[in-house]
Structures are given as structure tokens and as C-alpha cells.
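Participant: Below is one structure. I have some questions about it.
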Amino acid sequence: MNRIDGLFQALATRKRAALIPFISAGDPTPALSQELLNQLPSMGADLIELGMPFSDPTADGPIIQKAHVRALRNNLSIKTIFTMIQTFRSYNSHTPLVLMGYANPILAFGIDAFFQQAHKSGADGVILVDVPIEEDATFMSAAERNALCVIRLATPTTSPERLRALLEKARGFVYYVSIAGITGTKSADKKDLTMRLRNLKKHCPLPVAVGFGIKTGADARLVAEHAQGVVIGSALIQAIEDNLSQPQRIVPEVAQKMTEWRKAIEEAQS
Amino acid sequence: MLKATPPNPNPHTPDSQGRFGSFGGRFVSETLMPLLIDLEHAWQQAKDDPSFWQAFDAYARDYIGRPSPLYHAAALESHLRTHKAFKGILYFKREDLNHTGAHKINNCLGQVLLAKRMGKTRIIAETGAGQHGVATATVCARFSLPCTIYMGATDIQRQAPNVQRMACLNANIHAVDAGTATLKDALNEALRDWVQHVDDTFYIIGSVAGPHPYPMLVRDLQAIIGKETAQQLQDKGHAHPHYLIACVGGGSNAIGLFHPFLADTRVRMVGVEAAGRNTTDGNHAAALTLGAPGVLHGSYSYLLQNEDGQIQPVHSVAAGLDYPGVGPEHAFLKDTARVDYQCVNDQQALAALRLTAQKEGIISALETAHALAYVIDNAETFEKDAVIVINLSGRGDKDMQTLAEYP
Ligand SMILES: Cc1ncc(COP(=O)(O)O)c(C=O)c1O
């Protein structure tokens, strides 16, 4: 069984949602980013989303945009990201890792080569931010050949018919974008989100992880009550940004935030 | 190539997935997909509805001032005959005489009528030179819709007159500081706005770029340029043109002129890109000539990118050409060799603008001047009596400040 399915099965028996932090590879520096990646599991991460920087991240708000800019200033390429994952895997063999990014850097690398090397380096899945189901056939077949999951996204604008279509080939889990919007801006209305998640769960046999707009422990707890995964991106990246002038503070700050979120998620089930 | 699509029976119309050959498509977040599908359906209906075109034609005539004249540029022609061994016949399709001063309003008129049909109550747009921003702000004023225009901070500086016009038209202007603070970044920000306002907002894209159905929609609306040209040439006793020349930023004025003639193999077409300062990375905007296929702003087309697939900074003296991508139909027309794509640098464009102003009394936009420069600098290559139509896509009032900076 792949690491992603293994994780969600184990958590289902423990009745706890997964804590899924997002970091942008190479941010704020390649060394610090590697350190964060290596330490996230011991900070409470159940699954890690590793962002692949792109010059024009149209689905991201200012916080993650700046993280992409910092990473690209360090000339971070997909090749370096694979090396990062290999290093991570020399410390950790159980935590699932999912790459998240935009189409063009993958196309430039070569779709087949990308999925092959992603698998070899130890990644488990890929989230394609700007590749909807109408466009993902080539990515899906390359992923399948290399035993990687393409994680599909559902959003508040996804109709029941589209949902049915996207669930057909969805693997691992479904990433539910909680708002019609970009990362790190508004948060979903609580009642509304709860209703939508209940509805989604009726149709969705896969675990659902919810992202966009989850900032506080309270946000995380609410989502953990209705979904199988809680994705935290901008709020974590903000902790990096806030400490750029004293980089030695970054890892402990992120660790403290992770502890809060993890605690909130654990409380949700008890 | 990204995807082996089955051959498209009519290559000049995108297939059901919005592909021109392998180019185009819809590379957007899932949130926007349903909106694009709605827009495509709405356009298919409007396109087949005579009442839509009745309204469009009436405003095109009385508000924009169409048809735009096809002008015999006899003075420039005679100058080129004397100095450059030119033997052709030179026409300008005068889109500069449209209300607001460029071809952009043809598209804005059509899209705002479509927005109204769809019941949208808020308009957004990106702009580079400010011409599309002004045209959008204009139709929004006329149809009482609030609008927000995204414009790069660099462009706000260099196209100040258009910023003032947009403000006068009551548009909400949003300066974009990210990236190179030009057209590409304005488009990023407009897409971010759209995804946050999915219920009420209509995004009027300014060129034949972006995800399907935009390249088709904008093309269908701009094709009025070529249709009029065909008729006007006939009226002047020319069965068909021999050359059609247009500048290419995103590619809307070029496709507008070219499209009705694509099936006529007697007609040669040249799209002129911006070679900027020089043709090294970061100094030009010649996506078709010097780029490689990739995905930006929702479609698969030629792009200026580095080997990691990151979008390169670009430069052109013409803000409206200062864009690292190009519409997917142009990518297809390049690969099938139906259209020849060439490029012209800043200095050539500036010189062409000045020469045309001095000989014809027509101050063109700097974007347009790229098309003029191609003909002026290759004047001797045109056959005797070849009928050449240059798309005079816009006027240069907005460019006086830039001209002063390049004496
Ligand atoms: C006068 C004029 N011509 C041409 C362009 C380039 O756009 P396109 O290639 O879509 O015609 C612009 C863009 O701002 C413009 O203002």
C-alpha cells in the first residue's frame, strides 16, 4: 500500500484528521527549507505538501507569492527539489510527501521524467494547481506508470456532475479548496463550510483534506471535525516571513505553531 | 507537444477542448473551470443570436465609428518608392480612428454585451498600454457597470495619459507591483480577482490569450477588422490583398485582420513581434520567434521562459507588446507556417513611428509602429503592385512621453 492510503487508514482507526503543512521548497533558503522539511514530522505533520516555486503563481495570495519569489531568488529548480526529497527520505521513510505546483515547470522538465524522478526520490503524490481534469490526461498516465497519486482538487464552484467526474480518477485523497479564492486571504464561513463538507463526504469515497484560509487552532479544529485532513499553508509561511531577519527563530516558531494546530486537531476528536 | 489531440477538422476553429492543434486549452484552477464553461456556452448562444449582432453592429457604427477607413497611405508609399525601391501599394486599416483610439474597443463592446446577457454586475480587466483598460472603462461607463482595471506599476508610469482617462471614466485602477510590474503581472492579478469573485464578475481579457474560450471569443469579435478590410479592398478594385501585416502582443489585432483571410492561400501574412533592445534573454518580447511552448495564463502556447520553466522578464518600448506569451492560435499558425512571424526592435519601431508621422500626419501607437517598421525596413522585398494592408491598430497619443525619452 502507498504511504498516503496507509496514513489515512491508520488515522481512520484512530479517528483523527491528518495535519498537513505546506512549505515552499527553497524558502527562505535551501538549507533552512531542508531543515524544516526534515523536522516537520517530529513537529506533528502527518503528510507534507512541498510547494514547487513558479514565477507566476496565479492561485496564490501575497504570502505564498513572496515565498515563491524567495525560493526562486535561490535558483531553486525541480532537480534541487528531488535532491531535497532524497535527503528527507534518508531520515524519514513513513511520512507521505506530496508535491504541489504549476504546470509549466513540470512541462519544461518533461512530464515523464518528472513523474519518474519524483517517484525515485521518494515523493508519493502530486497536486497540479492549474491543471483541471480536462487537461490532466498526460499527467495522470505518467503518474500511474510511476506509482504516484495525482491528487485532484474540488472547490465551492465544482458542480455535483464535475465532482463525479473528478472522483473517477482521483487517488490518495481529495483536496477541497474551502473558498472560491486564492491562498492566504479570506476564510470560509463556518456554517457554510460544514454543510459543504457534509455534502461532499456523501459522494466522496476518498479522504478529504481541506485547505485555503485555515489559520488558527480554532479553524483547524472545525475542519478536523468534518474532514480527514487539515492543510495549513499561508499561516505557516507567515511564520517564516515574520522571522526573516532572525532566521534562527524560524524552526522553533514553526514548531510552536505546529504544536498548536496538532493539539487543536487532536481535541476535535476527543 | 503536450497532448496528442485528434486532428481538428477545421483548424481555424478550436476543438471542443479549446485546442488549435496542440495549442490552447484551459490551464486554470478548478475554481475557474465552471466559469469558463459557462462563458463558452454563453458565447455559443450569443454568437448564433441575430439580436446580439444587431446590438453589436449598432454600437460599432454609432459609438465606435465603424467601419474604420481603409486608407491608401500614398505619401509613405511614395517616400518608400523614392528611397527604398518599394513597388507595392500600401493601405492602412485605420483602427486608430476608433473611439478610444485602438482596436481594443471592438472586443470590449462585444464582451460587455455578453456580460450583460449573462447578468454579470462587475467587470475586471488587465491592461498593458492602457488601451484595453481605457476601452473597458469606456464600455463600462456606457453600460453602467463598475470596473476594476489591473495595470503594472511600470506601465502606469509610462502610459500616464491612459491612466488619467481611465480615472476620468470612473474606473477603479489597481496598480500591480509584483514581478516586473507589467502586463503579465496585471493578468496574474486579474485572474486572482476573478477567482475571488466568481458569482458576479465578468473578466474582459484584452487579447486572444488566456484560457479557452477567450482566444476564440476575442478573435470572433476582432474579426470585424478583416471582414471590413475584405469588403473595402473589393470596393477599391482589389480582389484580395497580397500581404497583411500586424503587430503581435497577445495577438488580437493581428488575428482580427488575418482570420477572415486564413483560407485564402493567395494572402500572405506577417505578424511582427517586439525584439526590444536586443534578442538576448530579458531584453525582448518575441515569444513566437524566440520562445518555446509552455503554459502561462491558462493556455499552452509559445512563451519566453528559462530552462526551468520560469517565465522570463521581457522588454519592449511598447507597453502593449511587453508580454512573455502570445495567443495559442498564433502558435498554431506559426507551426503550420500559415503566418510568418518576424520581429522588429525598439529603435526600428521608434523610427517608423516618426517617419509615418512626418509623411502621413498619422502618429501611430508604438505597438503599431512595429508593423510599420517591418514594411518600411523590408520595403524592397515586396513585389510590384502587391497590395499590402498594415493594421494601424492604435494611435500614439499615449506614447508622447516615451518618445521624449528616446529623442
Ligand atoms: C495600439 C495597440 N496595438 C497592439 C497592441 C497589442 O495587442 P494585440 O497583439 O492583442 O493586438 C496593443 C496592446 O495594448 C495596442 O494598444
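Letters A, B, ... mark the chains of the C-alpha cells in the order given; residue numbers begin at 1 per chain; ligand numbers begin at 1, in order shown.
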Taking only C-alpha atoms and all ligand atoms and a cut-off of 8 Å, can you tell me which residues surround ligand 1, written as a PyMOL selection string?
Facilitator: chain B and resi 96+101-104+127-132+206-209+247-255+319-321+326+364-368+392-396
Participant: For chain A, list the residues within 8 Å of chain B, counting only C-alpha atoms, and write the list as a PyMOL selection string.
Facilitator: chain A and resi 54-61+77-78+103-109+129-132+134-135+138+153-159+180-182
Participant: Where does DSSP see alpha helix (DSSP H) in region 63-275 of chain B, if you list the residues as a VMD selection string?
Facilitator: chain B and resid 74 to 84 104 to 117 131 to 142 153 to 158 160 to 168 183 to 196 214 to 222 224 to 235 252 to 258
Participant: I'd like the contact shell of region 235-239 of chain B - 12 Å cut-off, only C-alpha atoms, skipping same-chain residues fewer than 2 positions apart - returned as a PDB file with all heavy atoms, in the first residue's frame.
Facilitator:
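Output contents, as saved in result.pdb:
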```pdb
ATOM      1  N   PRO B  69     -11.861  53.355 -41.627  1.00  0.00           N
ATOM      2  CA  PRO B  69     -11.469  53.511 -43.030  1.00  0.00           C
ATOM      3  C   PRO B  69     -10.298  52.603 -43.419  1.00  0.00           C
ATOM      4  O   PRO B  69      -9.468  52.259 -42.579  1.00  0.00           O
ATOM      5  CB  PRO B  69     -11.027  54.979 -43.104  1.00  0.00           C
ATOM      6  CG  PRO B  69     -11.581  55.643 -41.892  1.00  0.00           C
ATOM      7  CD  PRO B  69     -11.699  54.584 -40.845  1.00  0.00           C
ATOM      8  N   LEU B  70     -10.292  52.239 -44.696  1.00  0.00           N
ATOM      9  CA  LEU B  70      -9.092  51.628 -45.277  1.00  0.00           C
ATOM     10  C   LEU B  70      -8.442  52.747 -46.084  1.00  0.00           C
ATOM     11  O   LEU B  70      -8.980  53.205 -47.091  1.00  0.00           O
ATOM     12  CB  LEU B  70      -9.456  50.449 -46.177  1.00  0.00           C
ATOM     13  CG  LEU B  70      -8.232  49.709 -46.742  1.00  0.00           C
ATOM     14  CD1 LEU B  70      -7.494  48.934 -45.657  1.00  0.00           C
ATOM     15  CD2 LEU B  70      -8.653  48.754 -47.862  1.00  0.00           C
ATOM     16  N   TYR B  71      -7.307  53.203 -45.607  1.00  0.00           N
ATOM     17  CA  TYR B  71      -6.694  54.421 -46.141  1.00  0.00           C
ATOM     18  C   TYR B  71      -5.507  54.075 -47.030  1.00  0.00           C
ATOM     19  O   TYR B  71      -4.640  53.278 -46.643  1.00  0.00           O
ATOM     20  CB  TYR B  71      -6.250  55.283 -44.952  1.00  0.00           C
ATOM     21  CG  TYR B  71      -5.324  56.423 -45.314  1.00  0.00           C
ATOM     22  CD1 TYR B  71      -5.790  57.526 -46.044  1.00  0.00           C
ATOM     23  CD2 TYR B  71      -3.991  56.407 -44.907  1.00  0.00           C
ATOM     24  CE1 TYR B  71      -4.930  58.574 -46.371  1.00  0.00           C
ATOM     25  CE2 TYR B  71      -3.131  57.450 -45.222  1.00  0.00           C
ATOM     26  CZ  TYR B  71      -3.607  58.531 -45.965  1.00  0.00           C
ATOM     27  OH  TYR B  71      -2.762  59.555 -46.288  1.00  0.00           O
ATOM     28  N   HIS B  72      -5.482  54.674 -48.210  1.00  0.00           N
ATOM     29  CA  HIS B  72      -4.340  54.481 -49.104  1.00  0.00           C
ATOM     30  C   HIS B  72      -3.220  55.422 -48.639  1.00  0.00           C
ATOM     31  O   HIS B  72      -3.318  56.644 -48.782  1.00  0.00           O
ATOM     32  CB  HIS B  72      -4.744  54.791 -50.551  1.00  0.00           C
ATOM     33  CG  HIS B  72      -3.607  54.602 -51.509  1.00  0.00           C
ATOM     34  ND1 HIS B  72      -3.529  55.251 -52.724  1.00  0.00           N
ATOM     35  CD2 HIS B  72      -2.485  53.848 -51.424  1.00  0.00           C
ATOM     36  CE1 HIS B  72      -2.407  54.899 -53.339  1.00  0.00           C
ATOM     37  NE2 HIS B  72      -1.766  54.061 -52.569  1.00  0.00           N
ATOM     38  N   ILE B  89       1.583  48.589 -53.117  1.00  0.00           N
ATOM     39  CA  ILE B  89       0.520  49.559 -52.847  1.00  0.00           C
ATOM     40  C   ILE B  89       0.185  49.423 -51.360  1.00  0.00           C
ATOM     41  O   ILE B  89      -0.090  48.321 -50.882  1.00  0.00           O
ATOM     42  CB  ILE B  89      -0.729  49.257 -53.697  1.00  0.00           C
ATOM     43  CG1 ILE B  89      -0.339  49.257 -55.179  1.00  0.00           C
ATOM     44  CG2 ILE B  89      -1.842  50.251 -53.407  1.00  0.00           C
ATOM     45  CD1 ILE B  89      -1.393  48.635 -56.084  1.00  0.00           C
ATOM     46  N   TYR B  91      -1.783  50.206 -47.850  1.00  0.00           N
ATOM     47  CA  TYR B  91      -3.012  50.636 -47.174  1.00  0.00           C
ATOM     48  C   TYR B  91      -2.849  50.526 -45.660  1.00  0.00           C
ATOM     49  O   TYR B  91      -2.165  49.631 -45.169  1.00  0.00           O
ATOM     50  CB  TYR B  91      -4.192  49.754 -47.592  1.00  0.00           C
ATOM     51  CG  TYR B  91      -4.696  50.034 -48.985  1.00  0.00           C
ATOM     52  CD1 TYR B  91      -4.306  49.234 -50.052  1.00  0.00           C
ATOM     53  CD2 TYR B  91      -5.576  51.095 -49.226  1.00  0.00           C
ATOM     54  CE1 TYR B  91      -4.774  49.486 -51.337  1.00  0.00           C
ATOM     55  CE2 TYR B  91      -6.040  51.355 -50.504  1.00  0.00           C
ATOM     56  CZ  TYR B  91      -5.638  50.551 -51.558  1.00  0.00           C
ATOM     57  OH  TYR B  91      -6.090  50.809 -52.818  1.00  0.00           O
ATOM     58  N   GLU B 228     -14.199  43.756 -42.699  1.00  0.00           N
ATOM     59  CA  GLU B 228     -14.334  45.073 -43.340  1.00  0.00           C
ATOM     60  C   GLU B 228     -13.253  45.272 -44.393  1.00  0.00           C
ATOM     61  O   GLU B 228     -13.509  45.802 -45.475  1.00  0.00           O
ATOM     62  CB  GLU B 228     -14.206  46.192 -42.286  1.00  0.00           C
ATOM     63  CG  GLU B 228     -15.423  46.350 -41.405  1.00  0.00           C
ATOM     64  CD  GLU B 228     -15.210  47.418 -40.322  1.00  0.00           C
ATOM     65  OE1 GLU B 228     -14.138  48.086 -40.336  1.00  0.00           O
ATOM     66  OE2 GLU B 228     -16.084  47.575 -39.483  1.00  0.00           O
ATOM     67  N   THR B 229     -12.039  44.846 -44.060  1.00  0.00           N
ATOM     68  CA  THR B 229     -10.918  45.033 -44.988  1.00  0.00           C
ATOM     69  C   THR B 229     -11.198  44.336 -46.321  1.00  0.00           C
ATOM     70  O   THR B 229     -10.963  44.901 -47.394  1.00  0.00           O
ATOM     71  CB  THR B 229      -9.621  44.497 -44.357  1.00  0.00           C
ATOM     72  OG1 THR B 229      -9.387  45.204 -43.137  1.00  0.00           O
ATOM     73  CG2 THR B 229      -8.424  44.691 -45.283  1.00  0.00           C
ATOM     74  N   ALA B 230     -11.727  43.119 -46.260  1.00  0.00           N
ATOM     75  CA  ALA B 230     -12.030  42.369 -47.485  1.00  0.00           C
ATOM     76  C   ALA B 230     -12.999  43.162 -48.365  1.00  0.00           C
ATOM     77  O   ALA B 230     -12.779  43.339 -49.566  1.00  0.00           O
ATOM     78  CB  ALA B 230     -12.609  41.007 -47.126  1.00  0.00           C
ATOM     79  N   GLN B 231     -14.045  43.673 -47.738  1.00  0.00           N
ATOM     80  CA  GLN B 231     -15.055  44.443 -48.474  1.00  0.00           C
ATOM     81  C   GLN B 231     -14.452  45.735 -49.039  1.00  0.00           C
ATOM     82  O   GLN B 231     -14.660  46.082 -50.200  1.00  0.00           O
ATOM     83  CB  GLN B 231     -16.226  44.753 -47.528  1.00  0.00           C
ATOM     84  CG  GLN B 231     -17.382  45.480 -48.177  1.00  0.00           C
ATOM     85  CD  GLN B 231     -17.995  44.655 -49.311  1.00  0.00           C
ATOM     86  OE1 GLN B 231     -18.338  43.489 -49.122  1.00  0.00           O
ATOM     87  NE2 GLN B 231     -18.088  45.237 -50.512  1.00  0.00           N
ATOM     88  N   GLN B 232     -13.696  46.423 -48.199  1.00  0.00           N
ATOM     89  CA  GLN B 232     -13.140  47.720 -48.607  1.00  0.00           C
ATOM     90  C   GLN B 232     -12.138  47.558 -49.751  1.00  0.00           C
ATOM     91  O   GLN B 232     -12.068  48.399 -50.645  1.00  0.00           O
ATOM     92  CB  GLN B 232     -12.498  48.406 -47.398  1.00  0.00           C
ATOM     93  CG  GLN B 232     -13.541  48.907 -46.401  1.00  0.00           C
ATOM     94  CD  GLN B 232     -12.946  49.250 -45.036  1.00  0.00           C
ATOM     95  OE1 GLN B 232     -12.028  48.575 -44.559  1.00  0.00           O
ATOM     96  NE2 GLN B 232     -13.471  50.311 -44.419  1.00  0.00           N
ATOM     97  N   LEU B 233     -11.385  46.470 -49.732  1.00  0.00           N
ATOM     98  CA  LEU B 233     -10.441  46.235 -50.835  1.00  0.00           C
ATOM     99  C   LEU B 233     -11.207  45.989 -52.138  1.00  0.00           C
ATOM    100  O   LEU B 233     -10.851  46.523 -53.194  1.00  0.00           O
ATOM    101  CB  LEU B 233      -9.534  45.041 -50.514  1.00  0.00           C
ATOM    102  CG  LEU B 233      -8.394  45.319 -49.530  1.00  0.00           C
ATOM    103  CD1 LEU B 233      -7.719  44.023 -49.108  1.00  0.00           C
ATOM    104  CD2 LEU B 233      -7.357  46.280 -50.126  1.00  0.00           C
ATOM    105  N   PRO B 241      -6.002  41.049 -50.867  1.00  0.00           N
ATOM    106  CA  PRO B 241      -4.695  41.619 -50.531  1.00  0.00           C
ATOM    107  C   PRO B 241      -3.596  40.597 -50.830  1.00  0.00           C
ATOM    108  O   PRO B 241      -3.878  39.401 -50.926  1.00  0.00           O
ATOM    109  CB  PRO B 241      -4.806  41.855 -49.027  1.00  0.00           C
ATOM    110  CG  PRO B 241      -5.778  40.817 -48.551  1.00  0.00           C
ATOM    111  CD  PRO B 241      -6.738  40.587 -49.677  1.00  0.00           C
ATOM    112  N   HIS B 242      -2.381  41.066 -50.993  1.00  0.00           N
ATOM    113  CA  HIS B 242      -1.253  40.144 -51.121  1.00  0.00           C
ATOM    114  C   HIS B 242      -0.539  39.954 -49.786  1.00  0.00           C
ATOM    115  O   HIS B 242      -0.001  38.883 -49.525  1.00  0.00           O
ATOM    116  CB  HIS B 242      -0.266  40.658 -52.171  1.00  0.00           C
ATOM    117  CG  HIS B 242      -0.873  40.727 -53.545  1.00  0.00           C
ATOM    118  ND1 HIS B 242      -1.509  41.855 -54.011  1.00  0.00           N
ATOM    119  CD2 HIS B 242      -0.982  39.794 -54.517  1.00  0.00           C
ATOM    120  CE1 HIS B 242      -1.965  41.617 -55.243  1.00  0.00           C
ATOM    121  NE2 HIS B 242      -1.659  40.370 -55.571  1.00  0.00           N
ATOM    122  N   ASP B 264      -7.619  31.762 -47.624  1.00  0.00           N
ATOM    123  CA  ASP B 264      -7.229  32.270 -48.948  1.00  0.00           C
ATOM    124  C   ASP B 264      -5.704  32.222 -49.085  1.00  0.00           C
ATOM    125  O   ASP B 264      -4.987  33.087 -48.591  1.00  0.00           O
ATOM    126  CB  ASP B 264      -7.749  33.702 -49.112  1.00  0.00           C
ATOM    127  CG  ASP B 264      -7.525  34.232 -50.525  1.00  0.00           C
ATOM    128  OD1 ASP B 264      -6.710  33.643 -51.279  1.00  0.00           O
ATOM    129  OD2 ASP B 264      -8.154  35.250 -50.865  1.00  0.00           O
ATOM    130  N   ARG B 266      -3.750  32.875 -51.343  1.00  0.00           N
ATOM    131  CA  ARG B 266      -3.086  33.946 -52.095  1.00  0.00           C
ATOM    132  C   ARG B 266      -2.601  35.051 -51.156  1.00  0.00           C
ATOM    133  O   ARG B 266      -1.820  35.912 -51.544  1.00  0.00           O
ATOM    134  CB  ARG B 266      -4.046  34.561 -53.112  1.00  0.00           C
ATOM    135  CG  ARG B 266      -4.540  33.581 -54.174  1.00  0.00           C
ATOM    136  CD  ARG B 266      -5.678  34.172 -54.955  1.00  0.00           C
ATOM    137  NE  ARG B 266      -6.803  34.555 -54.096  1.00  0.00           N
ATOM    138  CZ  ARG B 266      -7.950  35.059 -54.546  1.00  0.00           C
ATOM    139  NH1 ARG B 266      -8.144  35.264 -55.835  1.00  0.00           N
ATOM    140  NH2 ARG B 266      -8.925  35.366 -53.697  1.00  0.00           N
ATOM    141  N   VAL B 267      -3.119  35.032 -49.930  1.00  0.00           N
ATOM    142  CA  VAL B 267      -2.826  36.126 -49.000  1.00  0.00           C
ATOM    143  C   VAL B 267      -1.704  35.718 -48.050  1.00  0.00           C
ATOM    144  O   VAL B 267      -1.833  34.747 -47.307  1.00  0.00           O
ATOM    145  CB  VAL B 267      -4.087  36.499 -48.180  1.00  0.00           C
ATOM    146  CG1 VAL B 267      -3.798  37.709 -47.293  1.00  0.00           C
ATOM    147  CG2 VAL B 267      -5.264  36.753 -49.103  1.00  0.00           C
ATOM    148  N   ASP B 385       3.225  46.110 -57.384  1.00  0.00           N
ATOM    149  CA  ASP B 385       1.767  46.194 -57.272  1.00  0.00           C
ATOM    150  C   ASP B 385       1.161  45.262 -56.217  1.00  0.00           C
ATOM    151  O   ASP B 385      -0.046  45.029 -56.218  1.00  0.00           O
ATOM    152  CB  ASP B 385       1.088  45.939 -58.627  1.00  0.00           C
ATOM    153  CG  ASP B 385       1.468  46.999 -59.654  1.00  0.00           C
ATOM    154  OD1 ASP B 385       1.769  48.141 -59.233  1.00  0.00           O
ATOM    155  OD2 ASP B 385       1.499  46.678 -60.854  1.00  0.00           O
ATOM    156  N   ALA B 386       2.006  44.722 -55.355  1.00  0.00           N
ATOM    157  CA  ALA B 386       1.469  43.916 -54.257  1.00  0.00           C
ATOM    158  C   ALA B 386       0.621  44.826 -53.360  1.00  0.00           C
ATOM    159  O   ALA B 386       1.049  45.925 -52.994  1.00  0.00           O
ATOM    160  CB  ALA B 386       2.606  43.307 -53.451  1.00  0.00           C
ATOM    161  N   VAL B 387      -0.567  44.352 -53.045  1.00  0.00           N
ATOM    162  CA  VAL B 387      -1.453  45.125 -52.170  1.00  0.00           C
ATOM    163  C   VAL B 387      -1.154  44.739 -50.719  1.00  0.00           C
ATOM    164  O   VAL B 387      -1.296  43.577 -50.332  1.00  0.00           O
ATOM    165  CB  VAL B 387      -2.933  44.850 -52.509  1.00  0.00           C
ATOM    166  CG1 VAL B 387      -3.853  45.542 -51.503  1.00  0.00           C
ATOM    167  CG2 VAL B 387      -3.238  45.300 -53.930  1.00  0.00           C
ATOM    168  N   ILE B 388      -0.692  45.731 -49.975  1.00  0.00           N
ATOM    169  CA  ILE B 388      -0.249  45.477 -48.601  1.00  0.00           C
ATOM    170  C   ILE B 388      -1.168  46.231 -47.638  1.00  0.00           C
ATOM    171  O   ILE B 388      -1.359  47.435 -47.793  1.00  0.00           O
ATOM    172  CB  ILE B 388       1.190  45.993 -48.412  1.00  0.00           C
ATOM    173  CG1 ILE B 388       2.124  45.289 -49.408  1.00  0.00           C
ATOM    174  CG2 ILE B 388       1.672  45.803 -46.975  1.00  0.00           C
ATOM    175  CD1 ILE B 388       3.376  46.088 -49.691  1.00  0.00           C
ATOM    176  N   VAL B 389      -1.722  45.514 -46.687  1.00  0.00           N
ATOM    177  CA  VAL B 389      -2.547  46.179 -45.672  1.00  0.00           C
ATOM    178  C   VAL B 389      -1.845  46.069 -44.322  1.00  0.00           C
ATOM    179  O   VAL B 389      -1.571  44.968 -43.840  1.00  0.00           O
ATOM    180  CB  VAL B 389      -3.957  45.558 -45.568  1.00  0.00           C
ATOM    181  CG1 VAL B 389      -4.773  46.267 -44.482  1.00  0.00           C
ATOM    182  CG2 VAL B 389      -4.674  45.610 -46.906  1.00  0.00           C
TER     183      VAL B 389
END
```
Participant: Within 12 Å of Ser42 (chain A), counting only C-alpha atoms, which residues show up once you throw out same-chain ones fewer than 6 positions away? Write them as a PyMOL selection string, please.
Facilitator: chain A and resi 19+35-36+48+91-92+94-95+251+254-256+258-259+262
Participant: So that I can check the surroundings of Pro260 (chain B), please list as a PyMOL selection string every protein, DNA and RNA residue that reaches within 10 Å of it, counting only C-alpha atoms and ignoring chain neighbours fewer than 6 positions away.
Facilitator: chain B and resi 12+220+223-230
Participant: Compile the contact shell of Asn391 (chain B) as number ranges by chain: residues with an atom at most 6 Å away, counting only C-alpha atoms, same-chain residues fewer than 5 positions apart removed.
Facilitator: B: 92-93, 246
Participant: Would you kindly return, as a list in words, each protein, DNA or RNA residue with an atom no farther than 7 Å from any atom of region 105-108 of chain B, considering only C-alpha atoms and excluding same-chain residues fewer than 2 positions away?
Facilitator: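 Contacts, in chain order: Ala102, His103, Gly110, Gln111, Val112, Ala135, Thr136, Val139, Ile204, Val218, Leu221 and Gln222 of chain B.
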Participant: Report the residues of region 17-89 of chain A whose backbone DSSP state falls under strand (DSSP E), written as a count of residues only.
Facilitator: 11
Participant: Could you check how far CA of Tyr243 (chain B) sits from CA of His259 (chain B), in Å to one decimal?
Facilitator: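 These atoms are spaced 13.1 Å apart.
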Participant: Please compute the CA of Asp200 (chain B)-CA of Leu217 (chain B) distance, one decimal, in Å.
Facilitator: 19.7 Å
